[in-house]
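Printed here is work14.txt (compact mmCIF, C-alpha atoms):
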```
# COMPACT_ATOMS: atom_id res chain seq x y z
CA MET Q 6 17.83 34.36 0.54
CA THR Q 7 16.09 30.99 0.96
CA THR Q 8 18.57 28.16 1.39
CA VAL Q 9 18.31 24.40 1.70
CA SER Q 10 19.27 24.52 5.35
CA SER Q 11 16.74 27.25 6.17
CA ILE Q 12 13.94 25.23 4.54
CA HIS Q 13 14.92 22.14 6.55
CA THR Q 14 15.18 24.15 9.79
CA ALA Q 15 11.77 25.74 9.30
CA ARG Q 16 10.14 22.38 8.59
CA SER Q 17 11.81 20.76 11.61
CA ALA Q 18 10.59 23.58 13.85
CA ARG Q 19 7.02 23.15 12.62
CA SER Q 20 7.24 19.39 13.16
CA ALA Q 21 8.47 19.90 16.71
CA ARG Q 22 5.55 22.24 17.49
CA SER Q 23 2.97 19.88 15.98
CA SER Q 24 4.00 16.48 17.29
CA GLY Q 25 1.36 13.86 18.02
CA THR Q 26 -1.90 13.33 16.17
CA ASP Q 27 -3.18 16.92 16.22
CA ARG Q 28 -2.00 17.56 12.65
CA CYS Q 29 -2.60 14.04 11.37
CA THR Q 30 -5.62 14.97 9.30
CA VAL Q 31 -6.53 14.44 5.67
CA VAL Q 32 -7.30 16.99 2.99
CA ALA Q 33 -11.02 16.87 2.22
CA SER Q 34 -13.48 18.83 0.14
CA GLU Q 35 -15.89 21.02 2.08
CA GLU Q 36 -18.45 20.77 -0.71
CA GLY Q 37 -19.35 17.16 -0.03
CA VAL Q 38 -20.55 14.80 -2.75
CA PRO Q 39 -23.84 14.86 -4.72
CA LEU Q 40 -26.55 12.25 -4.35
CA VAL Q 41 -29.09 11.21 -6.97
CA THR Q 42 -31.72 13.00 -4.88
CA GLY Q 43 -30.02 16.35 -5.49
CA GLU Q 44 -28.68 16.63 -1.94
CA ARG Q 45 -25.00 16.92 -1.02
CA VAL Q 46 -23.47 15.08 1.93
CA GLU Q 47 -20.06 14.74 3.49
CA TYR Q 48 -18.19 12.01 1.66
CA ALA Q 49 -17.79 8.82 3.70
CA ASN Q 50 -14.58 7.38 2.29
CA PHE Q 51 -14.19 3.64 2.82
CA ASP Q 52 -11.69 3.10 0.02
CA TYR Q 53 -8.43 3.74 1.90
CA ALA Q 54 -6.99 0.36 0.93
CA ALA Q 55 -7.03 1.42 -2.73
CA SER Q 56 -5.72 4.98 -2.29
CA ALA Q 57 -5.65 6.92 0.94
CA PRO Q 58 -6.41 10.66 0.87
CA CYS Q 59 -3.59 13.14 1.25
CA LEU Q 60 -2.46 14.07 4.76
CA THR Q 61 -2.49 17.79 5.52
CA PRO Q 62 1.28 17.88 6.31
CA VAL Q 63 1.90 16.11 2.99
CA ALA Q 64 -0.05 18.77 1.08
CA GLU Q 65 1.91 21.47 2.91
CA ALA Q 66 5.24 19.83 2.10
CA LEU Q 67 4.26 19.68 -1.57
CA ALA Q 68 3.18 23.33 -1.60
CA GLU Q 69 6.54 24.26 -0.12
CA ALA Q 70 8.50 22.17 -2.62
CA LEU Q 71 6.68 23.26 -5.78
CA PRO Q 72 8.22 26.75 -6.14
CA ARG Q 73 11.70 25.21 -6.14
CA TYR Q 74 10.85 22.02 -8.04
CA ALA Q 75 13.57 20.91 -10.50
CA SER Q 76 15.34 17.82 -11.78
CA VAL Q 77 17.76 16.31 -9.29
CA HIS Q 78 21.39 15.15 -9.25
CA ARG Q 79 22.43 16.63 -12.58
CA GLY Q 80 21.89 20.37 -12.24
CA ALA Q 81 24.15 23.13 -10.93
CA GLY Q 82 21.34 25.64 -10.44
CA HIS Q 83 19.92 26.58 -7.06
CA HIS Q 84 16.56 24.90 -7.60
CA SER Q 85 18.19 21.69 -8.74
CA GLN Q 86 20.43 21.70 -5.66
CA VAL Q 87 17.47 22.34 -3.34
CA SER Q 88 15.43 19.59 -5.02
CA THR Q 89 18.36 17.17 -4.87
CA GLU Q 90 18.74 17.68 -1.14
CA ALA Q 91 14.97 17.32 -0.65
CA TYR Q 92 15.01 14.09 -2.64
CA GLU Q 93 17.87 12.57 -0.65
CA ARG Q 94 16.43 13.83 2.63
CA ALA Q 95 13.23 12.02 1.65
CA ARG Q 96 15.24 8.83 1.24
CA ARG Q 97 16.58 9.23 4.78
CA SER Q 98 13.06 9.83 6.14
CA VAL Q 99 11.80 6.65 4.48
CA ALA Q 100 14.79 4.74 5.84
CA ARG Q 101 13.97 5.85 9.40
CA PHE Q 102 10.28 5.02 8.93
CA LEU Q 103 11.08 1.47 7.80
CA GLY Q 104 13.89 0.75 10.26
CA VAL Q 105 16.37 0.32 7.42
CA ARG Q 106 19.72 -1.03 8.53
CA SER Q 107 22.79 1.13 7.97
CA ARG Q 108 24.47 1.39 4.60
CA PRO Q 109 26.00 -0.33 2.77
CA ALA Q 110 24.08 -3.36 4.07
CA ASP Q 111 20.69 -1.92 3.03
CA SER Q 112 19.51 0.44 0.33
CA VAL Q 113 16.35 2.48 -0.30
CA VAL Q 114 15.28 2.62 -3.94
CA PHE Q 115 12.45 4.90 -5.04
CA VAL Q 116 10.01 3.23 -7.46
CA ARG Q 117 6.42 3.82 -8.63
CA GLY Q 118 4.71 1.62 -6.05
CA THR Q 119 4.59 -1.85 -4.52
CA THR Q 120 4.01 -3.58 -7.85
CA ASP Q 121 6.99 -1.78 -9.35
CA ALA Q 122 9.11 -2.60 -6.29
CA LEU Q 123 8.47 -6.34 -6.43
CA ASN Q 124 8.95 -6.43 -10.20
CA LEU Q 125 12.33 -4.79 -9.61
CA LEU Q 126 13.18 -7.42 -7.02
CA ALA Q 127 12.07 -10.20 -9.38
CA ARG Q 128 14.65 -8.94 -11.88
CA ALA Q 129 17.31 -8.57 -9.19
CA VAL Q 130 17.19 -12.00 -7.53
CA PRO Q 131 20.09 -14.24 -8.50
CA GLU Q 132 19.58 -16.31 -11.63
CA GLY Q 133 17.65 -19.49 -10.85
CA CYS Q 134 16.40 -18.28 -7.45
CA THR Q 135 13.55 -20.32 -5.94
CA VAL Q 136 10.67 -18.05 -4.92
CA VAL Q 137 7.94 -19.21 -2.54
CA VAL Q 138 4.62 -17.35 -2.37
CA PHE Q 139 1.17 -18.05 -0.97
CA GLU Q 140 -1.90 -18.04 -3.22
CA SER Q 141 -3.32 -15.44 -0.84
CA GLU Q 142 -0.95 -12.73 -2.04
CA HIS Q 143 -2.00 -9.57 -3.81
CA HIS Q 144 -1.12 -9.84 -7.49
CA ALA Q 145 1.83 -7.49 -6.84
CA GLY Q 146 3.42 -10.21 -4.73
CA LEU Q 147 2.09 -13.19 -6.65
CA LEU Q 148 2.83 -12.49 -10.32
CA PRO Q 149 6.20 -10.73 -10.84
CA TRP Q 150 8.21 -13.90 -10.22
CA GLU Q 151 6.64 -15.65 -13.22
CA HIS Q 152 7.12 -12.73 -15.62
CA PRO Q 153 9.43 -13.55 -18.56
CA ALA Q 154 11.89 -10.91 -17.36
CA SER Q 155 12.13 -12.40 -13.86
CA ARG Q 156 15.39 -14.15 -12.96
CA ALA Q 157 13.58 -16.62 -10.70
CA GLY Q 158 14.14 -20.19 -11.80
CA ARG Q 159 11.36 -21.86 -9.85
CA VAL Q 160 8.19 -20.46 -8.31
CA VAL Q 161 6.40 -22.44 -5.60
CA ARG Q 162 2.81 -21.38 -4.96
CA LEU Q 163 1.54 -22.52 -1.58
CA PRO Q 164 -2.19 -23.08 -0.95
CA LEU Q 165 -4.09 -20.91 1.51
CA PRO Q 166 -3.00 -21.84 5.04
CA ALA Q 167 -5.66 -22.83 7.55
CA THR Q 168 -3.90 -21.03 10.43
CA PRO Q 169 -0.95 -18.66 10.90
CA GLY Q 170 1.02 -21.58 12.30
CA ALA Q 171 0.23 -23.62 9.22
CA ALA Q 172 1.56 -20.75 7.08
CA VAL Q 173 4.88 -20.84 8.91
CA GLU Q 174 5.19 -24.62 8.58
CA ALA Q 175 4.21 -24.58 4.91
CA ALA Q 176 6.84 -21.96 4.14
CA ARG Q 177 9.47 -23.83 6.13
CA THR Q 178 8.74 -27.10 4.35
CA ALA Q 179 8.73 -25.50 0.88
CA LEU Q 180 12.03 -23.70 1.47
CA ARG Q 181 13.63 -26.81 2.98
CA GLY Q 182 12.61 -28.85 -0.05
CA ALA Q 183 13.82 -26.29 -2.59
CA PRO Q 184 16.94 -26.97 -4.67
CA GLU Q 185 20.26 -25.69 -3.40
CA GLY Q 186 20.87 -22.06 -4.21
CA PRO Q 187 19.25 -18.71 -3.45
CA ARG Q 188 15.71 -18.80 -2.12
CA LEU Q 189 13.17 -16.09 -1.36
CA LEU Q 190 9.85 -16.07 0.47
CA CYS Q 191 7.49 -13.23 -0.53
CA VAL Q 192 4.63 -12.56 1.89
CA THR Q 193 2.20 -9.81 2.76
CA ALA Q 194 2.21 -8.18 6.19
CA ALA Q 195 -1.55 -7.53 6.09
CA SER Q 196 -4.11 -8.85 3.61
CA ASN Q 197 -5.69 -6.29 1.32
CA VAL Q 198 -8.85 -8.45 1.27
CA THR Q 199 -9.44 -9.30 4.93
CA GLY Q 200 -7.04 -6.97 6.75
CA GLU Q 201 -5.67 -9.97 8.64
CA ILE Q 202 -2.11 -9.56 9.87
CA TRP Q 203 0.37 -12.22 8.82
CA PRO Q 204 3.01 -13.69 11.19
CA VAL Q 205 5.94 -11.93 9.54
CA GLY Q 206 8.34 -12.39 12.45
CA GLU Q 207 7.79 -16.13 12.60
CA LEU Q 208 8.00 -16.47 8.83
CA VAL Q 209 11.30 -14.56 8.77
CA GLU Q 210 12.71 -16.78 11.51
CA ALA Q 211 11.65 -19.95 9.67
CA ALA Q 212 12.99 -18.73 6.32
CA HIS Q 213 16.33 -17.64 7.73
CA ALA Q 214 16.71 -21.01 9.44
CA GLU Q 215 16.52 -22.55 5.96
CA GLY Q 216 18.99 -20.05 4.49
CA ALA Q 217 16.32 -18.11 2.60
CA ARG Q 218 15.49 -14.42 2.39
CA VAL Q 219 12.10 -12.75 2.95
CA ALA Q 220 10.45 -9.91 1.03
CA VAL Q 221 7.48 -8.27 2.74
CA ASP Q 222 4.64 -6.52 0.92
CA ALA Q 223 3.82 -3.90 3.55
CA ALA Q 224 1.52 -1.76 1.39
CA GLN Q 225 -1.55 -2.41 3.55
CA TYR Q 226 0.31 -2.66 6.85
CA VAL Q 227 2.33 0.54 7.14
CA PRO Q 228 -0.64 2.94 6.86
CA HIS Q 229 -1.85 1.44 10.14
CA LEU Q 230 1.12 0.09 12.13
CA PRO Q 231 4.89 0.62 12.31
CA PHE Q 232 7.14 -1.77 10.39
CA SER Q 233 10.88 -2.18 10.88
CA LEU Q 234 13.33 -4.17 8.78
CA ALA Q 235 15.75 -4.19 11.68
CA GLU Q 236 13.21 -5.43 14.22
CA THR Q 237 11.50 -8.04 12.04
CA GLY Q 238 14.74 -9.21 10.42
CA ALA Q 239 13.06 -9.15 7.01
CA ASP Q 240 15.39 -8.74 4.06
CA TYR Q 241 13.21 -6.53 1.84
CA VAL Q 242 10.09 -4.42 2.21
CA ALA Q 243 7.92 -2.79 -0.45
CA LEU Q 244 5.27 -0.10 -0.08
CA SER Q 245 3.20 2.40 -2.07
CA ALA Q 246 2.95 6.09 -1.24
CA HIS Q 247 -0.66 6.33 -2.41
CA LYS Q 248 -1.74 3.93 0.33
CA LEU Q 249 0.31 5.88 2.89
CA TYR Q 250 -1.56 9.20 2.50
CA ALA Q 251 0.86 10.55 -0.12
CA PRO Q 252 -0.20 10.98 -3.76
CA PHE Q 253 1.94 11.25 -6.90
CA GLY Q 254 2.79 7.63 -7.80
CA SER Q 255 5.79 6.88 -5.65
CA GLY Q 256 6.91 3.85 -3.70
CA VAL Q 257 9.91 2.13 -2.20
CA LEU Q 258 11.87 -1.09 -2.30
CA ALA Q 259 14.14 -1.15 0.74
CA GLY Q 260 16.42 -3.85 2.02
CA ARG Q 261 19.59 -5.81 1.45
CA ALA Q 262 21.79 -4.18 -1.14
CA ASP Q 263 23.86 -7.08 -2.48
CA TRP Q 264 21.32 -8.61 -4.89
CA LEU Q 265 20.26 -5.15 -6.05
CA ARG Q 266 23.86 -4.05 -6.54
CA GLU Q 267 24.75 -7.10 -8.61
CA ALA Q 268 21.65 -6.99 -10.81
CA THR Q 269 21.39 -5.40 -14.22
CA PRO Q 270 19.70 -2.00 -13.85
CA TYR Q 271 15.92 -2.27 -13.79
CA LEU Q 272 15.68 0.42 -16.49
CA SER Q 273 18.38 1.65 -18.86
CA GLY Q 274 18.89 5.38 -19.16
CA GLY Q 275 20.27 8.54 -17.65
CA GLY Q 276 20.93 8.51 -13.93
CA ALA Q 277 21.62 4.77 -13.87
CA THR Q 278 24.82 5.29 -15.85
CA ARG Q 279 28.23 6.41 -14.64
CA LEU Q 280 29.93 6.33 -18.04
CA VAL Q 281 28.78 5.56 -21.59
CA THR Q 282 31.27 5.07 -24.42
CA GLU Q 283 30.98 3.82 -27.97
CA HIS Q 284 31.66 0.28 -26.81
CA ASP Q 285 30.65 0.02 -23.16
CA VAL Q 286 28.41 1.20 -20.32
CA VAL Q 287 29.51 1.56 -16.71
CA TRP Q 288 26.48 1.47 -14.43
CA ASN Q 289 26.08 3.46 -11.23
CA ASP Q 290 26.04 1.98 -7.76
CA LEU Q 291 22.88 1.93 -5.64
CA PRO Q 292 20.41 3.50 -5.39
CA ALA Q 293 20.89 5.37 -8.69
CA ARG Q 294 21.49 2.04 -10.44
CA HIS Q 295 17.75 1.32 -10.36
CA GLU Q 296 16.43 4.89 -10.59
CA ALA Q 297 16.98 5.67 -14.28
CA GLY Q 298 15.39 8.75 -15.77
CA SER Q 299 14.28 11.93 -14.00
CA PRO Q 300 13.15 10.85 -10.52
CA ASN Q 301 9.72 11.67 -9.13
CA VAL Q 302 10.95 14.36 -6.75
CA LEU Q 303 7.50 15.49 -5.60
CA GLY Q 304 6.47 11.89 -5.04
CA ALA Q 305 9.49 11.34 -2.80
CA VAL Q 306 8.86 14.57 -0.91
CA ALA Q 307 5.22 13.60 -0.38
CA LEU Q 308 6.10 10.11 0.81
CA ALA Q 309 8.72 11.47 3.21
CA ALA Q 310 6.25 13.94 4.67
CA ALA Q 311 3.83 11.08 5.35
CA CYS Q 312 6.60 9.02 6.95
CA ASP Q 313 7.66 11.96 9.13
CA THR Q 314 4.06 12.52 10.22
CA LEU Q 315 3.25 8.88 10.98
CA THR Q 316 5.69 8.38 13.82
CA PRO Q 317 5.38 5.18 15.92
CA ARG Q 318 3.70 7.19 18.67
CA THR Q 319 1.23 8.73 16.23
CA GLN Q 320 0.49 5.40 14.58
CA GLY Q 321 -0.08 3.83 17.99
CA SER Q 322 -2.68 6.45 18.88
CA LEU Q 323 -4.33 6.18 15.48
CA HIS Q 324 -4.44 2.39 15.72
CA ILE Q 325 -6.34 2.54 19.01
CA ARG Q 326 -8.92 4.85 17.45
CA GLU Q 327 -9.09 2.83 14.25
CA SER Q 328 -9.53 -0.45 16.14
CA ALA Q 329 -12.60 0.95 17.90
CA LEU Q 330 -14.09 2.09 14.59
CA LEU Q 331 -13.29 -1.26 12.98
CA GLU Q 332 -14.96 -3.15 15.83
CA ARG Q 333 -18.02 -0.91 15.50
CA LEU Q 334 -18.19 -1.52 11.75
CA ARG Q 335 -17.77 -5.28 11.98
CA ALA Q 336 -20.33 -5.59 14.76
CA GLY Q 337 -22.81 -3.46 12.84
CA LEU Q 338 -22.44 -5.48 9.64
CA ALA Q 339 -22.63 -8.76 11.57
CA GLY Q 340 -26.06 -7.73 12.86
CA ILE Q 341 -27.54 -7.45 9.37
CA ASP Q 342 -29.21 -10.55 7.92
CA GLY Q 343 -27.50 -11.89 4.82
CA VAL Q 344 -24.14 -10.17 5.38
CA THR Q 345 -21.06 -12.41 5.41
CA GLU Q 346 -17.60 -11.08 6.25
CA LEU Q 347 -14.67 -12.66 4.43
CA THR Q 348 -11.99 -14.05 6.72
CA LEU Q 349 -9.16 -16.53 6.35
CA TRP Q 350 -8.32 -17.13 10.00
CA GLY Q 351 -11.51 -16.30 11.87
CA ASP Q 352 -13.20 -13.33 13.46
CA GLU Q 353 -10.76 -12.95 16.35
CA HIS Q 354 -7.53 -12.77 14.35
CA PRO Q 355 -5.77 -9.36 14.56
CA ARG Q 356 -6.30 -7.15 11.53
CA VAL Q 357 -5.96 -3.64 10.17
CA GLY Q 358 -8.90 -1.49 9.09
CA ILE Q 359 -10.26 -3.57 6.21
CA VAL Q 360 -13.57 -5.44 5.99
CA SER Q 361 -14.68 -7.32 2.89
CA PHE Q 362 -18.18 -8.72 2.81
CA THR Q 363 -21.05 -9.99 0.69
CA VAL Q 364 -24.79 -9.39 0.97
CA ASP Q 365 -27.24 -12.09 -0.06
CA GLY Q 366 -29.48 -10.91 -2.87
CA LEU Q 367 -27.38 -7.83 -3.67
CA PRO Q 368 -24.55 -8.16 -6.20
CA ALA Q 369 -21.39 -6.39 -5.08
CA ASP Q 370 -21.34 -3.91 -7.97
CA LEU Q 371 -24.97 -2.93 -7.38
CA LEU Q 372 -24.38 -2.50 -3.65
CA ALA Q 373 -21.32 -0.33 -4.26
CA ALA Q 374 -23.14 1.81 -6.84
CA ALA Q 375 -26.13 2.35 -4.57
CA LEU Q 376 -23.96 3.21 -1.57
CA SER Q 377 -22.27 5.89 -3.63
CA ALA Q 378 -25.22 7.38 -5.47
CA GLU Q 379 -27.79 7.24 -2.67
CA TYR Q 380 -25.71 7.63 0.50
CA GLY Q 381 -22.43 9.32 -0.44
CA ILE Q 382 -20.35 6.33 0.63
CA GLY Q 383 -17.29 5.15 -1.30
CA VAL Q 384 -16.40 1.46 -1.14
CA ARG Q 385 -14.58 -0.94 -3.47
CA ASP Q 386 -16.21 -3.90 -5.21
CA GLY Q 387 -14.61 -6.79 -7.09
CA LEU Q 388 -11.84 -9.28 -6.34
CA PHE Q 389 -9.33 -6.66 -5.17
CA CYS Q 390 -6.31 -7.76 -7.25
CA ALA Q 391 -6.14 -10.89 -5.11
CA HIS Q 392 -8.32 -13.18 -7.20
CA PRO Q 393 -7.30 -16.61 -5.82
CA LEU Q 394 -7.80 -15.53 -2.20
CA THR Q 395 -11.05 -13.63 -2.71
CA ARG Q 396 -12.64 -16.36 -4.81
CA HIS Q 397 -11.72 -18.93 -2.17
CA LEU Q 398 -13.37 -16.88 0.59
CA LEU Q 399 -16.56 -15.93 -1.26
CA PRO Q 400 -19.75 -17.65 -0.11
CA GLU Q 401 -21.50 -19.83 -2.67
CA GLY Q 402 -23.50 -17.82 -5.16
CA HIS Q 403 -21.33 -14.71 -4.97
CA GLY Q 404 -18.87 -13.73 -7.71
CA GLN Q 405 -17.44 -10.62 -6.06
CA ALA Q 406 -17.36 -8.82 -2.72
CA VAL Q 407 -17.50 -5.29 -1.32
CA ARG Q 408 -14.54 -3.93 0.61
CA ALA Q 409 -14.80 -1.17 3.22
CA SER Q 410 -11.44 0.15 4.39
CA LEU Q 411 -10.90 2.95 6.86
CA GLY Q 412 -8.16 5.25 8.05
CA VAL Q 413 -7.23 8.65 9.44
CA GLY Q 414 -10.32 10.52 8.19
CA THR Q 415 -12.92 7.91 9.14
CA THR Q 416 -15.47 8.95 11.77
CA ARG Q 417 -18.14 7.21 13.80
CA GLU Q 418 -20.75 8.96 11.69
CA HIS Q 419 -19.21 7.42 8.57
CA VAL Q 420 -19.28 3.95 10.13
CA ASP Q 421 -22.88 4.32 11.30
CA ARG Q 422 -23.93 5.68 7.91
CA LEU Q 423 -22.40 2.68 6.13
CA VAL Q 424 -23.99 0.16 8.49
CA GLY Q 425 -27.35 1.94 8.25
CA ALA Q 426 -27.14 2.14 4.47
CA VAL Q 427 -26.39 -1.56 4.08
CA ALA Q 428 -29.25 -2.41 6.43
CA ASP Q 429 -31.56 -0.10 4.47
CA LEU Q 430 -30.55 -1.64 1.14
CA VAL Q 431 -31.05 -5.15 2.50
CA ALA Q 432 -34.51 -4.22 3.76
CA ARG Q 433 -35.77 -2.13 0.82
CA GLY Q 434 -33.31 -2.51 -2.02
CA PRO Q 435 -31.89 0.36 -4.09
CA ARG Q 436 -34.23 3.32 -4.61
CA TRP Q 437 -32.84 4.07 -8.07
CA GLU Q 438 -32.40 2.18 -11.29
CA TYR Q 439 -28.83 1.25 -12.31
CA ALA Q 440 -27.36 0.18 -15.63
CA ASP Q 441 -23.95 -0.55 -17.09
CA CYS Q 442 -22.02 2.57 -18.07
CA ASP Q 443 -18.48 2.04 -19.40
CA GLY Q 444 -18.11 -1.16 -17.44
CA ARG Q 445 -19.59 0.06 -14.13
CA LEU Q 446 -23.10 0.35 -12.79
CA ALA Q 447 -24.38 3.92 -12.69
CA PRO Q 448 -27.78 5.45 -11.79
CA VAL Q 449 -30.21 5.79 -14.69
CA PRO Q 450 -31.13 8.48 -15.34
CA ASP Q 451 -27.99 10.03 -13.88
CA PRO Q 452 -28.83 13.55 -12.68
CA ASP Q 453 -26.42 16.27 -13.74
CA ARG Q 454 -23.92 16.26 -10.90
CA ALA Q 455 -20.98 18.64 -10.53
CA PHE Q 456 -17.96 16.91 -9.08
```

Could you show the structure in this file as structure tokens?
Amino acid sequence: MTTVSSIHTARSARSARSSGTDRCTVVASEEGVPLVTGERVEYANFDYAASAPCLTPVAEALAEALPRYASVHRGAGHHSQVSTEAYERARRSVARFLGVRSRPADSVVFVRGTTDALNLLARAVPEGCTVVVFESEHHAGLLPWEHPASRAGRVVRLPLPATPGAAVEAARTALRGAPEGPRLLCVTAASNVTGEIWPVGELVEAAHAEGARVAVDAAQYVPHLPFSLAETGADYVALSAHKLYAPFGSGVLAGRADWLREATPYLSGGGATRLVTEHDVVWNDLPARHEAGSPNVLGAVALAAACDTLTPRTQGSLHIRESALLERLRAGLAGIDGVTELTLWGDEHPRVGIVSFTVDGLPADLLAAALSAEYGIGVRDGLFCAHPLTRHLLPEGHGQAVRASLGVGTTREHVDRLVGAVADLVARGPRWEYADCDGRLAPVPDPDRAF
């Protein structure tokens, strides 16, 4: 008979045999993608910052979990018990991955993603809390504090800092000048527009010196580099599974438990309740307090599998490889006339695998459409849910940018194809006609393509 312990033992044995980066691969279609010319080519995915493809060990963990998939915590049946243990084991894996401090000081709450996590925190901060954010934040870190349901009393938006040091001093000054009472600094670990890494350690030190807490949006950081609450001293961290090579709409808010424990449950419903009577409700303790409804078991299992695969050693090896690819991409784009890379702190500042750029004479949406239809390259165009930052960095005459982001499945051939395609489009322009189709540019006529 298959038992919970036998499943765990088998998975641990496989993990031990496949340590390192040998199994850190992504699931990809062997059919390639169609071009307007009728050819098919291997897909060159440069949209990792939006959603990373599924890691092979993640897909295997999901395949293993599906036959015993059931609702957790409230079922006596075997499948429910197996799923419950898998769900809570996933929580422990995420805690290890993020360097979560021991309970009851910290808690790990499963949510739908980074946006959901920071909206939960905005409803959990003490009433009247002063929240300090930079205008450079992704909307997930910028907007929840001003939502009508937020308990924040005052939101201080800081302008874009000229240097990392200026960011630390601006945060220190803003927190020092805030009214007495709870204060929170929310900051990204790595920009989703430029890839530039923020000085989280220094910001935490400055905030703590002023008696404030720090929440870190690590959505773009953790797919590339290890992050630890214990080592950085940060109070909260949020991430999204779909950026960490794990599909199925899951995410995490991890960190100090006291504000979360004292807050009204994020959602009202089953699972968050301990007792409901005709006249009263007794709410559960953490983490169930903020996980009302039937939890996303498969999402948690997928996220945990990604966390177990991306060990610090594995991430270190991947980062070395990724850095070489990133340098090759940036150098290639820099050699093309009319290409401008967006950067807040200069070309030499450390960054993860993200490059946003503009091309003179080629609107971003047209460039992205042509790269896809004519070269089989997937990029992102727009303002990347960080409108204030992106608009500030855009060269004059450009309303949007193109973002190329890379990760585990990126190859040198992909990088060279992207650089060559941009150079070709600059020199000759698109070879096809494009027109608006449901809000996006598409080739016209659009050949019948089977996806």

Best match for closeness to Asp240 of chain Q among Q:Ser112, Q:Ser155, Q:Thr42, Q:Thr395, counting only C-alpha atoms: Q:Ser112

Spatial neighbours of Pro204 of chain Q, max dist 8 Å, only C-alpha atoms, sep filter under 5 positions, as a list in words: Pro169, Val173 and Ala194 of chain Q

Quick one: everything within 9 Å of Ala64 of chain Q, counting only C-alpha atoms, minus sequence neighbours fewer than 6 positions away in the same chain. Send it as a count of residues only. 4

Around (11.2, -14.7, 3.9) in the file's own coordinates, what residues are found within 12 Å if you use only C-alpha atoms, given back as a PyMOL selection string? chain Q and resi 135-139+172-173+176-177+179-180+187-194+204-222+234+237-242

Using all atoms listed in the file - which residues lie no farther than 9 Å from the point (-11.5, 2.1, 13.6) in the file's frame? Write them as a list in words. Leu323, His324, Ile325, Arg326, Glu327, Ser328, Ala329, Leu330, Leu331, Glu332, Arg333, Leu334, Val357, Gly358, Leu411, Gly412, Val413, Thr415, Thr416, Arg417 and Val420 of chain Q

Keeping only C-alpha atoms, write the selected residues to a file as a compact mmCIF listing (two decimals), keeping the file's coordinate frame.
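As written to disk, selection.txt reads:
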```
# COMPACT_ATOMS: atom_id res chain seq x y z
CA LEU Q 323 -4.33 6.18 15.48
CA HIS Q 324 -4.44 2.39 15.72
CA ILE Q 325 -6.34 2.54 19.01
CA ARG Q 326 -8.92 4.85 17.45
CA GLU Q 327 -9.09 2.83 14.25
CA SER Q 328 -9.53 -0.45 16.14
CA ALA Q 329 -12.60 0.95 17.90
CA LEU Q 330 -14.09 2.09 14.59
CA LEU Q 331 -13.29 -1.26 12.98
CA GLU Q 332 -14.96 -3.15 15.83
CA ARG Q 333 -18.02 -0.91 15.50
CA LEU Q 334 -18.19 -1.52 11.75
CA VAL Q 357 -5.96 -3.64 10.17
CA GLY Q 358 -8.90 -1.49 9.09
CA LEU Q 411 -10.90 2.95 6.86
CA GLY Q 412 -8.16 5.25 8.05
CA VAL Q 413 -7.23 8.65 9.44
CA THR Q 415 -12.92 7.91 9.14
CA THR Q 416 -15.47 8.95 11.77
CA ARG Q 417 -18.14 7.21 13.80
CA VAL Q 420 -19.28 3.95 10.13
```

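Coordinates place atom CA of Pro149 of chain Q at a distance of 22.7 Å from atom CA of Pro300 of chain Q.
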
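Across the model, the gap from atom CA of Ala259 of chain Q to atom CA of Arg106 of chain Q is 9.6 Å.
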
Write out as a list in words which residues come within 10 Å of Pro58 of chain Q when counting all atoms listed in the file, dropping same-chain ones fewer than 4 positions away. Thr30, Val31, Val32, Ala33, Asn50, Asp52, Tyr53, His247, Lys248, Leu249, Tyr250, Ala251, Pro252, Gly412, Val413 and Gly414 of chain Q

List the spatial neighbours of Glu379 of chain Q as an NGL selection string - criterion: any atom at most 12 Å away, all atoms listed in the file, same-chain residues fewer than 6 positions off excluded. :Q and (38-46 or 48-49 or 371-373 or 422-423 or 426-427 or 429-430 or 434-439 or 447-448 or 451-452)

Each segment 127-163 of chain Q residue no farther than 12 Å from segment 264-288 of chain Q, nearest pair in Å, all atoms listed in the file, as CSV:
```
residue,atom,partner,partner_atom,distance
Q:Ala127,CA,Q:Tyr271,CA,9.9
Q:Arg128,CA,Q:Tyr271,CA,7.1
Q:Ala129,CA,Q:Ala268,CA,4.9
Q:Val130,CA,Q:Trp264,CA,6.0
Q:Pro131,CA,Q:Trp264,CA,6.8
Q:Glu132,CA,Q:Ala268,CA,9.6
Q:Cys134,CA,Q:Trp264,CA,11.1
Q:Ala154,CA,Q:Tyr271,CA,10.2
Q:Ser155,CA,Q:Tyr271,CA,10.8
Q:Arg156,CA,Q:Ala268,CA,9.8
```

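The two atoms in question, atom CA of Ala224 of chain Q and atom CA of Leu244 of chain Q, are spaced 4.4 Å apart.
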
Rank nothing, just name the residue among Q:Pro184, Q:Gly343, Q:Pro393, Q:Pro355 nearest to Val431 of chain Q, using only C-alpha atoms. Q:Gly343

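Using only C-alpha atoms for every distance, the candidate list Q:Val113, Q:Leu165, Q:Leu123, Q:Cys390 yields Q:Cys390 as the residue closest to His143 of chain Q.
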
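Here the question is which of Q:Ala369, Q:Ala145, Q:Cys59, Q:Val302 gets nearest to Val87 of chain Q using all atoms listed in the file, and that residue is Q:Val302.
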
Using all atoms listed in the file, which of the listed residues (Q:Pro368, Q:Gly82, Q:Pro400, Q:Pro109) sits closest to Asp386 of chain Q? Q:Pro368

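Closest approach to Phe51 of chain Q among Q:Gly383, Q:Asp441, Q:Phe253, Q:Leu446: Q:Gly383, based on only C-alpha atoms.
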
Name the residues in contact with Phe232 of chain Q at a cut-off of 8 Å, using only C-alpha atoms, excluding same-chain residues fewer than 3 positions from it; report them as a short mmCIF file (atom, residue, chain, number, x, y, z; two decimals) with C-alpha atoms, in the coordinates of the input.
```cif
data_model
loop_
_atom_site.label_atom_id
_atom_site.label_comp_id
_atom_site.auth_asym_id
_atom_site.auth_seq_id
_atom_site.Cartn_x
_atom_site.Cartn_y
_atom_site.Cartn_z
CA PHE Q 102 10.28 5.02 8.93
CA LEU Q 103 11.08 1.47 7.80
CA GLY Q 104 13.89 0.75 10.26
CA ALA Q 223 3.82 -3.90 3.55
CA TYR Q 226 0.31 -2.66 6.85
CA VAL Q 227 2.33 0.54 7.14
CA THR Q 237 11.50 -8.04 12.04
#
```
